[in-house]
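*Asks:* Encoded as structure tokens, here's the structure I'll be asking about.
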Amino acid sequence: STNASGCQRISFLTCQGCAGRRCVPSNTQLCCHSECVGGCTGPANSQCLACKNFHNDGVCISSCPPLFKLDFNTLQLLPNPSGKYAYGHECVNACPASLLIEEGVCVERCAPGRRIVGRNCEPCQGPCPQRCNGTANNANNPAGVTFLHAGNIASFENCTEVDGSIRINTASVLGSSVEKTQAISVDDLQYLSSIRSISGCLSIAQFTGIRNVSFLANLERILNLPPHRCIINSNPFGLVINRNINLTSLGLSSLRYIDAPAVVFRNANLCYADTIDWRAIVSKASQNINSVSVANANASACRIMGKSCHPLCNTSFGCWGPSTADCIRCSNFRYEGACRPDCNTPTPTYGNTSVDECLPCHKECLQSCTGPLASQCARCRSLEEKGVCVTQCSVGTYTNASQHCVPCALECGASGCTGPGSYLGQGGCDDCDRIIRPALSSERALCVLSTGSCPNGTYQRAPNQVGDPLLGKQVCERC
């Protein structure tokens, strides 16, 4: 409000027994809930004027409901149907599509020591991805250079996450006397080859020297977050490729997500772009503005020249170029970035039809498998126990000739064994709870069940003579 009546009123109530907390204005002995901040209309955590921590369905709470909860019967963490993500001070069912997810929290970028996996921030395995600053945006930094040039492109070497935009324009190609910058070469573009994520936008215009954009083949996500957005006619765009006369294919083989519309136009020799179903790449929230691919090479002429998507591409989604790695979706499966007809791969994999990927089998699988579990191997690398591939047999089993873990004889008890025999020694029990004393030294000592009576023809006795090899055992002596 622009007048005094719109100002927030601050009360100076003297609350009694509230330990520093606010109280209900009509009753200074009635304290606000500990999760309230700024006052309340009643004592419940649903009557706060504002929440100290998080707001969830009209109630102030200390933390959002966890995404997983412990099953006390199985001692496993299971998905919590009531679980929610923390988005600022709100508990939400899903994070906005433009944000990442870290430990159940919606974030714009991952914390140090974490990397982006899909939409999640996961702990780095080894060295973390490297973050670098992108080109400036005139809207928020009038003094900043807004394009790539010879003086800044080397700063992107080994960079995986760009905080800002990548803009290549005429000044990048020719140099700028105004900005006092030198031109970049086509070879310089390899400095960009490690980039996987751009928080701003990607814009390439009037670069005559490039035939494709494969120097960004590892780029997976364009987030188009403010203040780095590309704006055309007051509308935000995440990908802008225009007037690159020698461009024949895009080659953005890893790009799977853009949180803003894309525009690809006036690239006279560019094929394949007209095949792309941008709805599969551009976020649903950004599809109110159509992504377009217009005034590029004639689609019929491209097909006559054989410049069509590879047969292993799913034609409903299109492609970035001619190879199996350029398919946006595969008609069968994808392995190591390229489409293939099946999952008969050099390393054991299985075909996951929900994501159309050849995914790794369990490490204990020797050849193929039907799923990710050790129980889904076609053959085991080491041993098999009860249909599961394992590195070693469990206690109470032994390894047979076919590398299966087989239960020991019951007479062995919990001691384990080296074979199927119910006697003491190699090929039988490692130890016995109860044993029949052999009549001759050349005989094997037989193990018997520790419960019940000794077998017929024997009686139970506890040896007490020092030097007796069976001292301390339950012994069935022969009658």
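Just so we're on the same page: first chain in the structure tokens is A, next is B, and so on; residues restart at 1 for each chain, and ligands are numbered from 1 in the order they show up.
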Give me, as a list in words, all polymer residues having an atom no more than 6 Å from stretch 411-425 of chain A, counting only C-alpha atoms and skipping those fewer than 2 positions away in the same chain.
*Replies:* Val395, Gly396, Tyr398, Cys408, Ala409, Gly427, Gly428, Cys429, Asp430, Asp431, Cys432, Ala445, Leu446, Cys447, Val448 and Leu449 of chain A
*Asks:* List as a list in words the protein and nucleic acid residues near stretch 79-91 of chain A, meaning an atom at most 10 Å away when only C-alpha atoms are counted, but skip any in the same chain fewer than 4 places from it.
*Replies:* Ala50, Cys51, Lys52, Asn53, Phe54, His55, Asn56, Asp57, Cys60, Ile61, Ser63, Cys64, Pro65, Pro66, Leu67, Phe68, Lys69, Leu70, Asp71, Cys95, Pro96, Leu99, Ile101, Glu102, Glu103, Gly104, Val105, Cys106 and Val107 of chain A
*Asks:* If you run DSSP on the backbone here, which positions in stretch 385-477 of chain A get strand (DSSP E)? Please write them as a list of chain:residue names.
*Replies:*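 Going through stretch 385-477 of chain A, the strand (DSSP E) residues come out as A:Glu385, A:Val388, A:Cys389, A:Val390, A:Thr397, A:Tyr398, A:Thr399, A:Cys405, A:Val406, A:Pro407, A:Arg434, A:Ile435, A:Ile436, A:Leu446, A:Cys447, A:Val448, A:Thr458, A:Tyr459, A:Gln460, A:Arg461, A:Gln474, A:Val475, A:Cys476, A:Glu477.
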*Asks:* Restricting the calculation to only C-alpha atoms: of A:Gly251, A:Pro438, A:Pro129, A:Gly209, which residue gets closest to A:Ser194?
*Replies:*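 Of all the options, A:Pro129 lies closest to A:Ser194.
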*Asks:* Would you mind writing down, as an NGL selection string, each residue of stretch 61-198 of chain A that DSSP on the backbone assigns to helix (DSSP H, G or I)?
*Replies:* :A and (153-156 or 170-174 or 187-192)
*Asks:* Set the distance at 12 Å and use only C-alpha atoms: which residues neighbour stretch 226-234 of chain A once local chain neighbours fewer than 5 positions away are removed? I'd like the list as a PyMOL selection string.
*Replies:* chain A and resi 98+108+133-141+146+162-167+198-204+239-241+258-263+289
*Asks:* How about saving the chosen residues, C-alpha atoms kept, as a PDB file, in the first residue's frame?
*Replies:*
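Written output follows (again_24.pdb):
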ATOM      1  CA  SER A  98      13.243 -25.806 -13.522  1.00  0.00           C
ATOM      2  CA  GLU A 108      18.651 -24.032  -8.087  1.00  0.00           C
ATOM      3  CA  ASN A 133      30.688 -18.458 -15.151  1.00  0.00           C
ATOM      4  CA  GLY A 134      28.928 -18.055 -18.473  1.00  0.00           C
ATOM      5  CA  THR A 135      28.672 -14.927 -20.565  1.00  0.00           C
ATOM      6  CA  ALA A 136      27.035 -11.916 -18.934  1.00  0.00           C
ATOM      7  CA  ASN A 137      23.545 -10.669 -19.640  1.00  0.00           C
ATOM      8  CA  ASN A 138      23.019  -6.998 -20.508  1.00  0.00           C
ATOM      9  CA  ALA A 139      19.890  -6.952 -18.390  1.00  0.00           C
ATOM     10  CA  ASN A 140      21.794  -7.591 -15.165  1.00  0.00           C
ATOM     11  CA  ASN A 141      25.346  -6.602 -16.025  1.00  0.00           C
ATOM     12  CA  THR A 146      27.776 -10.848 -23.512  1.00  0.00           C
ATOM     13  CA  VAL A 162      27.830 -23.116 -16.702  1.00  0.00           C
ATOM     14  CA  ASP A 163      26.400 -20.514 -14.342  1.00  0.00           C
ATOM     15  CA  GLY A 164      25.081 -18.172 -17.013  1.00  0.00           C
ATOM     16  CA  SER A 165      24.665 -18.442 -20.780  1.00  0.00           C
ATOM     17  CA  ILE A 166      26.665 -19.484 -23.823  1.00  0.00           C
ATOM     18  CA  ARG A 167      26.311 -16.873 -26.569  1.00  0.00           C
ATOM     19  CA  ILE A 198      23.727 -24.352 -18.724  1.00  0.00           C
ATOM     20  CA  SER A 199      21.770 -22.357 -16.156  1.00  0.00           C
ATOM     21  CA  GLY A 200      20.989 -19.634 -18.716  1.00  0.00           C
ATOM     22  CA  CYS A 201      20.467 -20.100 -22.454  1.00  0.00           C
ATOM     23  CA  LEU A 202      22.397 -21.246 -25.537  1.00  0.00           C
ATOM     24  CA  SER A 203      22.485 -18.877 -28.497  1.00  0.00           C
ATOM     25  CA  ILE A 204      24.539 -19.421 -31.695  1.00  0.00           C
ATOM     26  CA  LEU A 239      17.894 -22.448 -27.359  1.00  0.00           C
ATOM     27  CA  VAL A 240      18.398 -20.049 -30.257  1.00  0.00           C
ATOM     28  CA  ILE A 241      20.212 -21.246 -33.414  1.00  0.00           C
ATOM     29  CA  ILE A 258      15.164 -27.270 -22.052  1.00  0.00           C
ATOM     30  CA  ASP A 259      13.139 -25.199 -19.609  1.00  0.00           C
ATOM     31  CA  ALA A 260      12.085 -22.693 -22.261  1.00  0.00           C
ATOM     32  CA  PRO A 261      11.033 -22.816 -25.915  1.00  0.00           C
ATOM     33  CA  ALA A 262      13.577 -23.361 -28.690  1.00  0.00           C
ATOM     34  CA  VAL A 263      13.888 -21.501 -31.983  1.00  0.00           C
ATOM     35  CA  ILE A 289       5.009 -20.722 -26.569  1.00  0.00           C
TER      36      ILE A 289
END
*Asks:* Which one is closest to A:Arg334: A:Phe147, A:Tyr350, A:Tyr257, A:Phe207? Count only C-alpha atoms.
*Replies:* A:Tyr350
